[in-house]
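Take a look at the structure set out below.
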Amino acid sequence: MKKLIALLLAALMLLACVGCAAKDNTPAPADDAATTPADTTTPADDTKEDAAPADDTKSDNDKLVVGFAQIGQESGWRDAETNDIQWYAARNLDTLELVFADAQQKQENQIKAIRNFIEMGVDVIAFPPVVETGWEAVLTECQEAGIPVILVDRGVDASCEDLYATKIASDFIWEAEQGAQMMADLLGGKGKVVELEGTVGASAANDRKKGFDDYIAANYPDIEIIASQTGDFTRAMGKEVMESFLKTYDDIDGVWCHNDDMALGAIEAIKEAGLKPGEDIKIIGCDGVKGAFEAMVAGEMNGTVECNPCLAEQIFDTAAKLKAGESVEKWIKSNDGVYTADMAADVIDSRAY
Ligand code: AHR
């Protein structure tokens, strides 16, 4: 029975990750694939209890040991990132050891997990900072312990720049400018737009707001941003906030969503209000998740700016370099694309996440 469950789990993970994982690695045996990610995943609150004494972790083997403190599971995009990291580690068990923590959307849990990694004596710590501020103390502790830190998919504020080794992430300002240009094209340079923001204080939300608002203000004086509120990067809150926008304003022409999950929530709200998403109200999202492509093919969404979540190979390669004492670039930038609805049908089958 156990074997059957393990095989089923392995098959599910394979489906979730297909195309995301590194091409030149052969799949891990079913048992390993099913058990390794689960075994190395510990809730942030439990990480302390599960921590091995510093020497145990390193002396057991010569593997590269990476502690990864994930934010949580707020969106399809984040699940894709988690799957990619866990799957990559599971396929490279001979050289890698991943210690994975899920912080359940809380900064305090991410900090606890990082402190736990320090105690374990991992080689490298990687994490996507849920918000930009409040990291000085724990990053200083990492530095004092001699453990290099990789920021993954989000940034921290400038006061911490000397405290981490590198950031592997997209350029959120660029993404927002692409979103703004798509919106302006759809509206013919004139109209009223609402904005669904990401998690309050997250660099992805701060920069996607700044990039969009500044670009519109500088180039399109006849486009007015009439309301802007957080939907916390989730589909449920995206829907809820869009419902309240629709009750307050009856003249919304477009909605800029800081991620696709909120765009999918907004689509539901617009339909329930008796309007046609993608037609009556133009919708631009960010991330490039499969659901956004399906919505575009269905004519219910107008565009998305990609934000690549498949960062595992870069994370582990960079971690290996840091462990070896090599220098790496301060910002390893993802190369993202821009997709309009008329491109969606042609590319949907090749999307990796
Ligand atoms: O930091 C990347 C962003 O975080 C993604 O766009 C979003 O979906 C996630 O919540």
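Convention: chains lettered A, B, ... in structure tokens order; per-chain residue numbering from 1; ligands numbered from 1 as shown.
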
List as a PDB file with N, CA, C and O atoms, in the first residue's frame the protein and nucleic acid residues near segment 233-246 of chain A, meaning an atom at most 8 Å away when only C-alpha atoms are counted, but skip any in the same chain fewer than 5 places from it.
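For reference, part12.pdb as written:
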ATOM      1  N   GLU A  74       0.726  30.657  -1.520  1.00  0.00           N
ATOM      2  CA  GLU A  74      -0.340  31.602  -1.821  1.00  0.00           C
ATOM      3  C   GLU A  74      -0.879  31.547  -3.244  1.00  0.00           C
ATOM      4  O   GLU A  74      -2.000  31.944  -3.486  1.00  0.00           O
ATOM      5  N   SER A  75      -0.076  31.048  -4.182  1.00  0.00           N
ATOM      6  CA  SER A  75      -0.503  31.127  -5.586  1.00  0.00           C
ATOM      7  C   SER A  75      -0.015  29.919  -6.377  1.00  0.00           C
ATOM      8  O   SER A  75       0.870  29.189  -5.939  1.00  0.00           O
ATOM      9  N   VAL A 194      -8.316  50.070 -12.355  1.00  0.00           N
ATOM     10  CA  VAL A 194      -8.136  49.722 -10.945  1.00  0.00           C
ATOM     11  C   VAL A 194      -6.949  48.762 -10.848  1.00  0.00           C
ATOM     12  O   VAL A 194      -6.568  48.130 -11.840  1.00  0.00           O
ATOM     13  N   LEU A 196      -5.055  45.646  -8.542  1.00  0.00           N
ATOM     14  CA  LEU A 196      -5.043  44.638  -7.469  1.00  0.00           C
ATOM     15  C   LEU A 196      -3.595  44.404  -7.082  1.00  0.00           C
ATOM     16  O   LEU A 196      -2.811  43.834  -7.856  1.00  0.00           O
ATOM     17  N   GLU A 197      -3.241  44.877  -5.901  1.00  0.00           N
ATOM     18  CA  GLU A 197      -1.844  44.815  -5.458  1.00  0.00           C
ATOM     19  C   GLU A 197      -1.527  43.475  -4.787  1.00  0.00           C
ATOM     20  O   GLU A 197      -2.406  42.830  -4.224  1.00  0.00           O
ATOM     21  N   GLY A 198      -0.244  43.127  -4.774  1.00  0.00           N
ATOM     22  CA  GLY A 198       0.189  41.920  -4.075  1.00  0.00           C
ATOM     23  C   GLY A 198       0.295  42.154  -2.576  1.00  0.00           C
ATOM     24  O   GLY A 198      -0.180  43.171  -2.053  1.00  0.00           O
ATOM     25  N   THR A 199       0.939  41.240  -1.891  1.00  0.00           N
ATOM     26  CA  THR A 199       1.098  41.300  -0.432  1.00  0.00           C
ATOM     27  C   THR A 199       1.710  42.636   0.005  1.00  0.00           C
ATOM     28  O   THR A 199       2.730  43.063  -0.548  1.00  0.00           O
ATOM     29  N   ALA A 227      -8.532  53.319  -8.295  1.00  0.00           N
ATOM     30  CA  ALA A 227      -8.486  52.608  -7.005  1.00  0.00           C
ATOM     31  C   ALA A 227      -7.380  51.571  -7.041  1.00  0.00           C
ATOM     32  O   ALA A 227      -7.069  51.012  -8.101  1.00  0.00           O
ATOM     33  N   ILE A 252     -15.313  51.096 -14.715  1.00  0.00           N
ATOM     34  CA  ILE A 252     -13.941  50.550 -14.761  1.00  0.00           C
ATOM     35  C   ILE A 252     -13.653  50.023 -16.173  1.00  0.00           C
ATOM     36  O   ILE A 252     -14.419  49.217 -16.717  1.00  0.00           O
ATOM     37  N   HIS A 258      -1.298  42.363  -9.918  1.00  0.00           N
ATOM     38  CA  HIS A 258       0.112  42.093  -9.645  1.00  0.00           C
ATOM     39  C   HIS A 258       0.465  40.611  -9.770  1.00  0.00           C
ATOM     40  O   HIS A 258       1.638  40.267  -9.713  1.00  0.00           O
ATOM     41  N   ASN A 259      -0.526  39.738  -9.849  1.00  0.00           N
ATOM     42  CA  ASN A 259      -0.225  38.363 -10.286  1.00  0.00           C
ATOM     43  C   ASN A 259      -1.461  37.753 -10.962  1.00  0.00           C
ATOM     44  O   ASN A 259      -2.573  38.308 -10.900  1.00  0.00           O
ATOM     45  N   ASP A 261      -3.004  34.912 -10.340  1.00  0.00           N
ATOM     46  CA  ASP A 261      -4.031  34.325  -9.473  1.00  0.00           C
ATOM     47  C   ASP A 261      -5.097  35.367  -9.129  1.00  0.00           C
ATOM     48  O   ASP A 261      -6.302  35.082  -9.141  1.00  0.00           O
ATOM     49  N   MET A 262      -4.661  36.599  -8.837  1.00  0.00           N
ATOM     50  CA  MET A 262      -5.649  37.656  -8.551  1.00  0.00           C
ATOM     51  C   MET A 262      -6.449  37.998  -9.806  1.00  0.00           C
ATOM     52  O   MET A 262      -7.645  38.299  -9.723  1.00  0.00           O
ATOM     53  N   ALA A 263      -5.809  37.931 -10.976  1.00  0.00           N
ATOM     54  CA  ALA A 263      -6.535  38.190 -12.227  1.00  0.00           C
ATOM     55  C   ALA A 263      -7.642  37.153 -12.420  1.00  0.00           C
ATOM     56  O   ALA A 263      -8.771  37.487 -12.832  1.00  0.00           O
ATOM     57  N   LEU A 264      -7.331  35.892 -12.062  1.00  0.00           N
ATOM     58  CA  LEU A 264      -8.339  34.833 -12.213  1.00  0.00           C
ATOM     59  C   LEU A 264      -9.492  35.059 -11.232  1.00  0.00           C
ATOM     60  O   LEU A 264     -10.661  34.816 -11.556  1.00  0.00           O
ATOM     61  N   GLY A 265      -9.174  35.555 -10.039  1.00  0.00           N
ATOM     62  CA  GLY A 265     -10.226  35.917  -9.092  1.00  0.00           C
ATOM     63  C   GLY A 265     -11.064  37.081  -9.616  1.00  0.00           C
ATOM     64  O   GLY A 265     -12.298  37.081  -9.503  1.00  0.00           O
ATOM     65  N   ALA A 266     -10.403  38.069 -10.221  1.00  0.00           N
ATOM     66  CA  ALA A 266     -11.114  39.238 -10.764  1.00  0.00           C
ATOM     67  C   ALA A 266     -12.062  38.809 -11.887  1.00  0.00           C
ATOM     68  O   ALA A 266     -13.181  39.337 -12.000  1.00  0.00           O
ATOM     69  N   ILE A 267     -11.619  37.838 -12.695  1.00  0.00           N
ATOM     70  CA  ILE A 267     -12.480  37.345 -13.790  1.00  0.00           C
ATOM     71  C   ILE A 267     -13.798  36.804 -13.221  1.00  0.00           C
ATOM     72  O   ILE A 267     -14.888  37.105 -13.721  1.00  0.00           O
ATOM     73  N   GLU A 268     -13.671  36.028 -12.145  1.00  0.00           N
ATOM     74  CA  GLU A 268     -14.896  35.469 -11.515  1.00  0.00           C
ATOM     75  C   GLU A 268     -15.810  36.599 -11.052  1.00  0.00           C
ATOM     76  O   GLU A 268     -17.027  36.557 -11.265  1.00  0.00           O
ATOM     77  N   ALA A 269     -15.233  37.612 -10.397  1.00  0.00           N
ATOM     78  CA  ALA A 269     -16.043  38.724  -9.875  1.00  0.00           C
ATOM     79  C   ALA A 269     -16.732  39.480 -11.011  1.00  0.00           C
ATOM     80  O   ALA A 269     -17.910  39.853 -10.910  1.00  0.00           O
ATOM     81  N   ILE A 270     -16.006  39.691 -12.086  1.00  0.00           N
ATOM     82  CA  ILE A 270     -16.557  40.451 -13.229  1.00  0.00           C
ATOM     83  C   ILE A 270     -17.718  39.677 -13.858  1.00  0.00           C
ATOM     84  O   ILE A 270     -18.773  40.239 -14.174  1.00  0.00           O
ATOM     85  N   ALA A 273     -20.775  39.838 -11.804  1.00  0.00           N
ATOM     86  CA  ALA A 273     -21.407  41.165 -11.867  1.00  0.00           C
ATOM     87  C   ALA A 273     -22.136  41.348 -13.203  1.00  0.00           C
ATOM     88  O   ALA A 273     -22.658  42.429 -13.501  1.00  0.00           O
TER      89      ALA A 273
END

Quick one: pick out all strand (DSSP E or B) residues within segment 102-270 of chain A from a backbone DSSP run and write them as an NGL selection string. :A and (102 or 124-127 or 149-152 or 166-169 or 191-197 or 223-230 or 254-257)

When the cut-off is 10 Å and you count only C-alpha atoms and all ligand atoms, which residues lie near ligand 1, shown as a PyMOL selection string? chain A and resi 71-81+105+128-131+152-155+169-172+175+198-199+202-205+208+232-234+257-262+285-289+305-309

DSSP on the backbone, then: every residue of segment 108-265 of chain A marked helix (DSSP H, G or I), written as a compact mmCIF listing (two decimals) with N, CA, C and O atoms, in the first residue's frame.
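What follows is the written file result.txt:
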# COMPACT_ATOMS: atom_id res chain seq x y z
N GLU A 108 7.78 35.97 10.53
CA GLU A 108 8.38 35.40 11.75
C GLU A 108 8.72 33.92 11.56
O GLU A 108 9.74 33.44 12.07
N ASN A 109 7.92 33.21 10.79
CA ASN A 109 8.23 31.80 10.53
C ASN A 109 9.44 31.65 9.61
O ASN A 109 10.23 30.72 9.75
N GLN A 110 9.55 32.57 8.62
CA GLN A 110 10.74 32.51 7.75
C GLN A 110 12.00 32.75 8.58
O GLN A 110 13.00 32.07 8.41
N ILE A 111 11.91 33.73 9.50
CA ILE A 111 13.08 34.04 10.35
C ILE A 111 13.43 32.83 11.23
O ILE A 111 14.60 32.45 11.35
N LYS A 112 12.40 32.21 11.80
CA LYS A 112 12.64 31.01 12.63
C LYS A 112 13.33 29.92 11.81
O LYS A 112 14.27 29.26 12.27
N ALA A 113 12.83 29.72 10.60
CA ALA A 113 13.41 28.66 9.75
C ALA A 113 14.87 28.98 9.42
O ALA A 113 15.73 28.09 9.45
N ILE A 114 15.16 30.26 9.14
CA ILE A 114 16.54 30.65 8.80
C ILE A 114 17.46 30.40 10.02
O ILE A 114 18.57 29.88 9.89
N ARG A 115 16.95 30.77 11.20
CA ARG A 115 17.77 30.53 12.43
C ARG A 115 18.01 29.04 12.62
O ARG A 115 19.08 28.61 13.04
N ASN A 116 17.01 28.26 12.29
CA ASN A 116 17.14 26.81 12.39
C ASN A 116 18.21 26.30 11.41
O ASN A 116 19.03 25.45 11.77
N PHE A 117 18.21 26.86 10.19
CA PHE A 117 19.23 26.46 9.20
C PHE A 117 20.64 26.81 9.71
O PHE A 117 21.58 26.05 9.50
N ILE A 118 20.74 27.98 10.36
CA ILE A 118 22.06 28.38 10.89
C ILE A 118 22.51 27.34 11.93
O ILE A 118 23.65 26.87 11.92
N GLU A 119 21.57 26.98 12.80
CA GLU A 119 21.89 26.01 13.85
C GLU A 119 22.31 24.66 13.24
O GLU A 119 23.18 23.97 13.75
N MET A 120 21.66 24.29 12.14
CA MET A 120 21.99 23.02 11.48
C MET A 120 23.34 23.08 10.78
O MET A 120 23.91 22.05 10.44
N GLU A 136 17.43 42.69 8.75
CA GLU A 136 18.82 43.01 9.15
C GLU A 136 19.36 42.02 10.17
O GLU A 136 20.45 41.47 10.00
N ALA A 137 18.59 41.79 11.25
CA ALA A 137 19.11 40.96 12.36
C ALA A 137 19.43 39.55 11.88
O ALA A 137 20.56 39.06 12.08
N VAL A 138 18.49 38.90 11.22
CA VAL A 138 18.73 37.49 10.86
C VAL A 138 19.78 37.36 9.76
O VAL A 138 20.58 36.42 9.76
N LEU A 139 19.83 38.34 8.84
CA LEU A 139 20.86 38.28 7.80
C LEU A 139 22.25 38.51 8.40
O LEU A 139 23.24 37.91 7.95
N THR A 140 22.30 39.37 9.44
CA THR A 140 23.58 39.56 10.14
C THR A 140 24.01 38.25 10.81
O THR A 140 25.19 37.87 10.78
N GLU A 141 23.04 37.53 11.38
CA GLU A 141 23.36 36.24 12.00
C GLU A 141 23.91 35.25 10.96
O GLU A 141 24.85 34.51 11.24
N CYS A 142 23.33 35.27 9.77
CA CYS A 142 23.84 34.38 8.70
C CYS A 142 25.28 34.75 8.37
O CYS A 142 26.15 33.88 8.23
N GLN A 143 25.51 36.06 8.24
CA GLN A 143 26.85 36.54 7.90
C GLN A 143 27.86 36.13 8.98
O GLN A 143 28.94 35.64 8.67
N GLU A 144 27.46 36.32 10.22
CA GLU A 144 28.36 35.97 11.33
C GLU A 144 28.65 34.46 11.36
O GLU A 144 29.73 34.03 11.76
N ALA A 158 17.23 48.31 0.73
CA ALA A 158 18.65 48.62 0.46
C ALA A 158 19.56 48.46 1.67
O ALA A 158 20.75 48.13 1.51
N SER A 159 19.02 48.63 2.88
CA SER A 159 19.88 48.57 4.08
C SER A 159 20.53 47.19 4.24
O SER A 159 21.48 47.03 5.01
N CYS A 160 20.01 46.19 3.53
CA CYS A 160 20.54 44.82 3.71
C CYS A 160 21.46 44.37 2.57
O CYS A 160 21.84 43.20 2.52
N GLU A 161 21.77 45.27 1.65
CA GLU A 161 22.49 44.83 0.44
C GLU A 161 23.81 44.10 0.68
O GLU A 161 24.18 43.20 -0.07
N ASP A 162 24.52 44.48 1.76
CA ASP A 162 25.81 43.82 2.01
C ASP A 162 25.64 42.51 2.76
O ASP A 162 26.60 41.78 3.00
N LEU A 163 24.40 42.22 3.15
CA LEU A 163 24.18 41.06 4.02
C LEU A 163 23.76 39.79 3.27
O LEU A 163 23.61 38.74 3.86
N PHE A 172 10.83 43.37 -11.45
CA PHE A 172 9.40 43.69 -11.29
C PHE A 172 9.01 45.03 -11.90
O PHE A 172 7.88 45.21 -12.35
N ILE A 173 9.95 45.97 -11.89
CA ILE A 173 9.65 47.29 -12.50
C ILE A 173 9.44 47.09 -14.01
O ILE A 173 8.47 47.59 -14.59
N TRP A 174 10.33 46.34 -14.61
CA TRP A 174 10.20 46.06 -16.05
C TRP A 174 8.87 45.36 -16.35
O TRP A 174 8.16 45.72 -17.29
N GLU A 175 8.54 44.36 -15.52
CA GLU A 175 7.27 43.63 -15.72
C GLU A 175 6.09 44.60 -15.70
O GLU A 175 5.19 44.53 -16.55
N ALA A 176 6.10 45.51 -14.70
CA ALA A 176 4.97 46.44 -14.55
C ALA A 176 4.88 47.41 -15.72
O ALA A 176 3.79 47.77 -16.17
N GLU A 177 6.04 47.81 -16.23
CA GLU A 177 6.02 48.72 -17.39
C GLU A 177 5.45 48.01 -18.62
O GLU A 177 4.72 48.60 -19.41
N GLN A 178 5.79 46.72 -18.75
CA GLN A 178 5.21 45.95 -19.87
C GLN A 178 3.70 45.84 -19.71
O GLN A 178 2.95 45.97 -20.66
N GLY A 179 3.27 45.59 -18.46
CA GLY A 179 1.83 45.51 -18.18
C GLY A 179 1.13 46.82 -18.47
O GLY A 179 0.03 46.85 -19.06
N ALA A 180 1.77 47.93 -18.11
CA ALA A 180 1.19 49.26 -18.34
C ALA A 180 1.07 49.54 -19.83
O ALA A 180 0.05 50.08 -20.30
N GLN A 181 2.09 49.17 -20.59
CA GLN A 181 2.04 49.42 -22.03
C GLN A 181 0.92 48.59 -22.68
O GLN A 181 0.17 49.08 -23.53
N MET A 182 0.79 47.31 -22.23
CA MET A 182 -0.29 46.48 -22.79
C MET A 182 -1.65 47.10 -22.47
O MET A 182 -2.55 47.16 -23.31
N MET A 183 -1.81 47.56 -21.22
CA MET A 183 -3.09 48.16 -20.82
C MET A 183 -3.37 49.42 -21.64
O MET A 183 -4.49 49.62 -22.15
N ALA A 184 -2.36 50.27 -21.81
CA ALA A 184 -2.54 51.51 -22.57
C ALA A 184 -2.94 51.19 -24.02
O ALA A 184 -3.82 51.84 -24.59
N ASP A 185 -2.32 50.18 -24.60
CA ASP A 185 -2.66 49.79 -25.97
C ASP A 185 -4.12 49.33 -26.05
O ASP A 185 -4.85 49.68 -26.96
N LEU A 186 -4.54 48.53 -25.07
CA LEU A 186 -5.91 48.00 -25.07
C LEU A 186 -6.94 49.12 -24.91
O LEU A 186 -8.05 49.05 -25.45
N LEU A 187 -6.59 50.14 -24.12
CA LEU A 187 -7.54 51.23 -23.85
C LEU A 187 -7.41 52.39 -24.82
O LEU A 187 -8.11 53.40 -24.69
N SER A 203 8.37 43.10 -2.12
CA SER A 203 9.02 43.84 -3.21
C SER A 203 8.25 43.64 -4.52
O SER A 203 8.17 44.56 -5.33
N ALA A 204 7.67 42.45 -4.70
CA ALA A 204 6.92 42.20 -5.94
C ALA A 204 5.71 43.12 -6.03
O ALA A 204 5.32 43.55 -7.13
N ALA A 205 5.11 43.46 -4.90
CA ALA A 205 3.95 44.37 -4.91
C ALA A 205 4.42 45.82 -5.01
O ALA A 205 3.88 46.60 -5.81
N ASN A 206 5.43 46.18 -4.22
CA ASN A 206 5.92 47.57 -4.23
C ASN A 206 6.39 47.96 -5.63
O ASN A 206 6.03 49.02 -6.15
N ASP A 207 7.19 47.10 -6.24
CA ASP A 207 7.77 47.46 -7.54
C ASP A 207 6.74 47.37 -8.67
O ASP A 207 6.79 48.15 -9.62
N ARG A 208 5.84 46.40 -8.57
CA ARG A 208 4.83 46.31 -9.65
C ARG A 208 3.87 47.49 -9.58
O ARG A 208 3.31 47.90 -10.58
N LYS A 209 3.66 48.03 -8.40
CA LYS A 209 2.82 49.23 -8.29
C LYS A 209 3.58 50.44 -8.81
O LYS A 209 3.08 51.20 -9.64
N LYS A 210 4.79 50.60 -8.33
CA LYS A 210 5.59 51.76 -8.73
C LYS A 210 5.81 51.77 -10.25
O LYS A 210 5.62 52.78 -10.92
N GLY A 211 6.20 50.61 -10.78
CA GLY A 211 6.49 50.52 -12.21
C GLY A 211 5.27 50.87 -13.05
O GLY A 211 5.36 51.62 -14.03
N PHE A 212 4.10 50.35 -12.66
CA PHE A 212 2.88 50.60 -13.43
C PHE A 212 2.45 52.06 -13.29
O PHE A 212 2.23 52.76 -14.30
N ASP A 213 2.34 52.53 -12.05
CA ASP A 213 1.83 53.89 -11.80
C ASP A 213 2.73 54.94 -12.45
O ASP A 213 2.24 55.88 -13.08
N ASP A 214 4.04 54.80 -12.28
CA ASP A 214 4.97 55.79 -12.83
C ASP A 214 4.91 55.80 -14.36
O ASP A 214 4.95 56.86 -14.99
N TYR A 215 4.83 54.61 -14.95
CA TYR A 215 4.82 54.52 -16.42
C TYR A 215 3.56 55.18 -16.99
O TYR A 215 3.61 55.92 -17.96
N ILE A 216 2.42 54.90 -16.35
CA ILE A 216 1.16 55.50 -16.81
C ILE A 216 1.22 57.01 -16.63
O ILE A 216 0.88 57.78 -17.55
N ALA A 217 1.67 57.46 -15.45
CA ALA A 217 1.72 58.91 -15.18
C ALA A 217 2.63 59.62 -16.19
O ALA A 217 2.33 60.72 -16.66
N ALA A 218 3.73 58.97 -16.55
CA ALA A 218 4.70 59.62 -17.45
C ALA A 218 4.25 59.62 -18.91
O ALA A 218 4.62 60.50 -19.68
N ASN A 219 3.46 58.61 -19.29
CA ASN A 219 3.18 58.45 -20.72
C ASN A 219 1.71 58.58 -21.12
O ASN A 219 1.41 58.82 -22.28
N ARG A 235 -6.06 34.26 -5.24
CA ARG A 235 -7.23 34.28 -6.10
C ARG A 235 -8.47 34.72 -5.32
O ARG A 235 -9.27 35.54 -5.78
N ALA A 236 -8.62 34.18 -4.09
CA ALA A 236 -9.80 34.49 -3.28
C ALA A 236 -9.88 35.98 -2.97
O ALA A 236 -10.94 36.61 -3.11
N MET A 237 -8.74 36.56 -2.57
CA MET A 237 -8.77 37.99 -2.24
C MET A 237 -8.86 38.87 -3.47
O MET A 237 -9.45 39.95 -3.45
N GLY A 238 -8.28 38.39 -4.57
CA GLY A 238 -8.41 39.13 -5.83
C GLY A 238 -9.88 39.26 -6.20
O GLY A 238 -10.36 40.32 -6.61
N LYS A 239 -10.61 38.17 -6.02
CA LYS A 239 -12.05 38.18 -6.33
C LYS A 239 -12.79 39.15 -5.40
O LYS A 239 -13.59 39.97 -5.83
N GLU A 240 -12.49 39.01 -4.11
CA GLU A 240 -13.18 39.83 -3.10
C GLU A 240 -12.96 41.32 -3.33
O GLU A 240 -13.91 42.11 -3.32
N VAL A 241 -11.73 41.70 -3.61
CA VAL A 241 -11.43 43.14 -3.79
C VAL A 241 -12.05 43.63 -5.11
O VAL A 241 -12.61 44.74 -5.17
N MET A 242 -12.03 42.80 -6.14
CA MET A 242 -12.64 43.21 -7.41
C MET A 242 -14.14 43.39 -7.23
O MET A 242 -14.73 44.32 -7.79
N GLU A 243 -14.76 42.51 -6.43
CA GLU A 243 -16.21 42.66 -6.16
C GLU A 243 -16.48 44.03 -5.54
O GLU A 243 -17.43 44.72 -5.93
N SER A 244 -15.64 44.41 -4.59
CA SER A 244 -15.89 45.70 -3.93
C SER A 244 -15.60 46.87 -4.89
O SER A 244 -16.31 47.87 -4.87
N PHE A 245 -14.60 46.75 -5.76
CA PHE A 245 -14.37 47.79 -6.78
C PHE A 245 -15.61 47.93 -7.67
O PHE A 245 -16.03 49.04 -8.00
N LEU A 246 -16.17 46.79 -8.06
CA LEU A 246 -17.31 46.82 -8.99
C LEU A 246 -18.55 47.43 -8.33
O LEU A 246 -19.40 48.02 -9.01
N LYS A 247 -18.65 47.27 -7.01
CA LYS A 247 -19.80 47.89 -6.31
C LYS A 247 -19.61 49.40 -6.20
O LYS A 247 -20.57 50.16 -6.23
N THR A 248 -18.36 49.83 -6.09
CA THR A 248 -18.08 51.26 -5.89
C THR A 248 -18.02 52.03 -7.21
O THR A 248 -18.45 53.19 -7.27
N ASP A 260 -1.23 36.63 -11.63
CA ASP A 260 -2.30 36.01 -12.40
C ASP A 260 -3.39 35.41 -11.52
O ASP A 260 -4.56 35.36 -11.90
N ASP A 261 -3.00 34.91 -10.34
CA ASP A 261 -4.03 34.32 -9.47
C ASP A 261 -5.10 35.37 -9.13
O ASP A 261 -6.30 35.08 -9.14
N MET A 262 -4.66 36.60 -8.84
CA MET A 262 -5.65 37.66 -8.55
C MET A 262 -6.45 38.00 -9.81
O MET A 262 -7.64 38.30 -9.72
N ALA A 263 -5.81 37.93 -10.98
CA ALA A 263 -6.54 38.19 -12.23
C ALA A 263 -7.64 37.15 -12.42
O ALA A 263 -8.77 37.49 -12.83
N LEU A 264 -7.33 35.89 -12.06
CA LEU A 264 -8.34 34.83 -12.21
C LEU A 264 -9.49 35.06 -11.23
O LEU A 264 -10.66 34.82 -11.56
N GLY A 265 -9.17 35.56 -10.04
CA GLY A 265 -10.23 35.92 -9.09
C GLY A 265 -11.06 37.08 -9.62
O GLY A 265 -12.30 37.08 -9.50

In Å, with one decimal, what is the gap from atom CA of Ala312 of chain A to atom CA of Phe127 of chain A?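 Atom-to-atom, atom CA of Ala312 of chain A and atom CA of Phe127 of chain A are spaced 11.9 Å apart.
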
So which residues touch Trp331 of chain A within 7 Å, counting only C-alpha atoms, skipping near sequence neighbours fewer than 2 positions away, as number ranges by chain? A: 166-168, 329, 333
